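Report on one structure; see the data block that follows.
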Amino acid sequence: MIKHHPTPALLLAFTQGQLDSSLSIAVSAHLEHCECCRHQVLALQEASAQCLDDDCELETWDDEDMISAITDEDYEIHPKQSMPLKLHLKGQEYTLPRALQSVALSNWLKLGKLARARVDLNEGDVHTNLLHIEKGGTIPIHTHKGFELTVLLAGEFKDEFDDYVPGDFIWLNDANTHTPFTEHGCLCLTVANNSMHFVQGISQVLNPIGKLIY
């Protein structure tokens, strides 16, 4: 079961079209997996439309108003359908989020059991990647010089904080240190505004490589 979700504020910004492309794609990818957050987005869209009719600003709502809107049970969920985008890696077929169908991917850069392809969004220091980790693969213990958002698209991985399933929306920053490991392999969408920083032992010599992964 998905345990990690975008915040209500992030869902609200998504609903109002206020997010950069990278974060909008990440939220969209999460929504394809998460019925709960789809429900909340539909509720917020309805509330936004009502606010327009009533000439009010959704940002002026207090927490009780917003929670009431996104937990209303009357909204039906009808996610849009489109042709899935397939990706083949190491003998596995992955279905990518629909939000990625209109963007370009770079060639894959392979580093041991890791491989990444850049999503071409041209957002300066904010880089968006597809990250594939083969079965048995790990990323040595590290922190982040900025923020790192990971949306697990397929497979599984775990770290010191939790075990993750497809759809989990994991936001970390320089206050977090972890060691992701996957037993069976995984494909992730990542958004970061700086490189990872390896913090222990011999893995620290990999810090120049952290810039390549980012």
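As shown in the structure tokens, the chain order sets the letters A, B, ...; within each chain, residues go from 1, and ligands are also counted from 1 in the order they appear.
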
Based on the backbone DSSP call, show me all residues of stretch 1-190 of chain A assigned strand (DSSP E or B), as a PyMOL selection string.
chain A and resi 85-89+92-96+105+109-111+114-123+126-133+138+142-144+148-155+157-158+163-164+169-172+178+181+186-190

Mind dumping the selected residues with C-alpha atoms as a short mmCIF file (atom, residue, chain, number, x, y, z; two decimals), in the first residue's frame?
```
data_model
loop_
_atom_site.label_atom_id
_atom_site.label_comp_id
_atom_site.auth_asym_id
_atom_site.auth_seq_id
_atom_site.Cartn_x
_atom_site.Cartn_y
_atom_site.Cartn_z
CA LEU A 85 4.59 4.20 -23.20
CA LYS A 86 6.72 1.06 -22.93
CA LEU A 87 10.35 0.89 -21.88
CA HIS A 88 12.53 -2.24 -22.05
CA LEU A 89 15.48 -2.53 -19.67
CA GLN A 92 11.99 -6.12 -18.17
CA GLU A 93 9.13 -4.15 -19.73
CA TYR A 94 7.99 -1.03 -17.90
CA THR A 95 4.97 1.16 -18.55
CA LEU A 96 5.93 4.81 -18.08
CA LEU A 105 14.80 11.12 -22.88
CA LEU A 109 24.25 6.45 -18.59
CA LYS A 110 25.24 3.19 -16.86
CA LEU A 111 27.19 3.07 -13.58
CA LEU A 114 22.58 1.89 -11.83
CA ALA A 115 21.46 3.51 -15.06
CA ARG A 116 19.88 6.88 -15.59
CA ALA A 117 18.29 8.74 -18.50
CA ARG A 118 17.74 12.48 -18.36
CA VAL A 119 14.21 13.81 -18.93
CA ASP A 120 14.65 16.83 -21.18
CA LEU A 121 12.82 19.66 -19.37
CA ASN A 122 15.47 22.44 -19.41
CA GLU A 123 14.84 23.62 -15.84
CA VAL A 126 16.55 21.10 -11.37
CA HIS A 127 17.23 17.78 -13.09
CA THR A 128 14.63 15.11 -13.77
CA ASN A 129 15.75 11.54 -14.48
CA LEU A 130 14.57 8.01 -14.90
CA LEU A 131 16.71 5.90 -12.58
CA HIS A 132 16.90 2.13 -13.02
CA ILE A 133 18.52 -0.06 -10.36
CA THR A 138 22.29 -0.37 -3.87
CA HIS A 142 24.49 9.40 1.16
CA THR A 143 22.72 12.66 1.80
CA HIS A 144 21.68 15.41 -0.61
CA GLU A 148 15.53 14.95 -3.97
CA LEU A 149 12.07 13.72 -4.91
CA THR A 150 11.67 10.07 -5.89
CA VAL A 151 8.50 8.53 -7.31
CA LEU A 152 8.77 4.75 -7.46
CA LEU A 153 7.30 3.70 -10.81
CA ALA A 154 7.87 -0.06 -10.71
CA GLY A 155 9.54 -2.68 -8.53
CA PHE A 157 13.34 -0.65 -2.82
CA LYS A 158 13.96 0.05 0.83
CA ASP A 163 10.01 -0.19 2.34
CA TYR A 164 8.58 1.42 -0.80
CA PHE A 169 6.24 9.85 -3.39
CA ILE A 170 9.43 10.33 -1.34
CA TRP A 171 10.78 13.83 -0.65
CA LEU A 172 14.22 14.08 1.01
CA HIS A 178 19.94 6.83 3.59
CA PHE A 181 18.65 -1.08 -1.79
CA CYS A 186 13.20 -0.92 -9.59
CA LEU A 187 12.52 2.02 -11.88
CA CYS A 188 12.15 5.49 -10.37
CA LEU A 189 11.43 9.02 -11.51
CA THR A 190 13.71 11.45 -9.65
#
```

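Taking atom CA of A:Leu42 and atom CA of A:Val165 as the two end points, the separation is 23.5 Å.
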
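Between A:Leu100 and the residues A:Pro6, A:Phe14, A:Ser24, A:Ser48, the shortest atom-to-atom distance, using only C-alpha atoms, involves A:Ser24.
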
Residue with the minimum atom-to-atom distance to A:His4, picked from A:His33, A:Asp125, A:Thr182, A:Thr177 with only C-alpha atoms counted, is A:His33

Just to confirm, what's the straight-line distance from atom CA of A:Gly136 to atom CA of A:Lys113 in Å (one decimal)?
8.1 Å

Going by DSSP on the backbone, which residues of stretch 1-43 of chain A come out as helix (DSSP H, G or I)? List them as a PyMOL selection string.
chain A and resi 8-15+21-33+35-43

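When only C-alpha atoms are used to compute distances to A:Glu46, the closest of the residues A:Asp174, A:Leu10, A:Phe198, A:Gln16 turns out to be A:Gln16.
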
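The shortest atom-to-atom distance to A:Gln101, with only C-alpha atoms taken into account, belongs to A:Ile25 out of A:Val191, A:Ala175, A:Ile25, A:Leu12.
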
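Proximity of A:Glu160, A:Ser102, A:Ala13, A:Gly146 to A:Ala192, computed with only C-alpha atoms, is greatest for A:Gly146.
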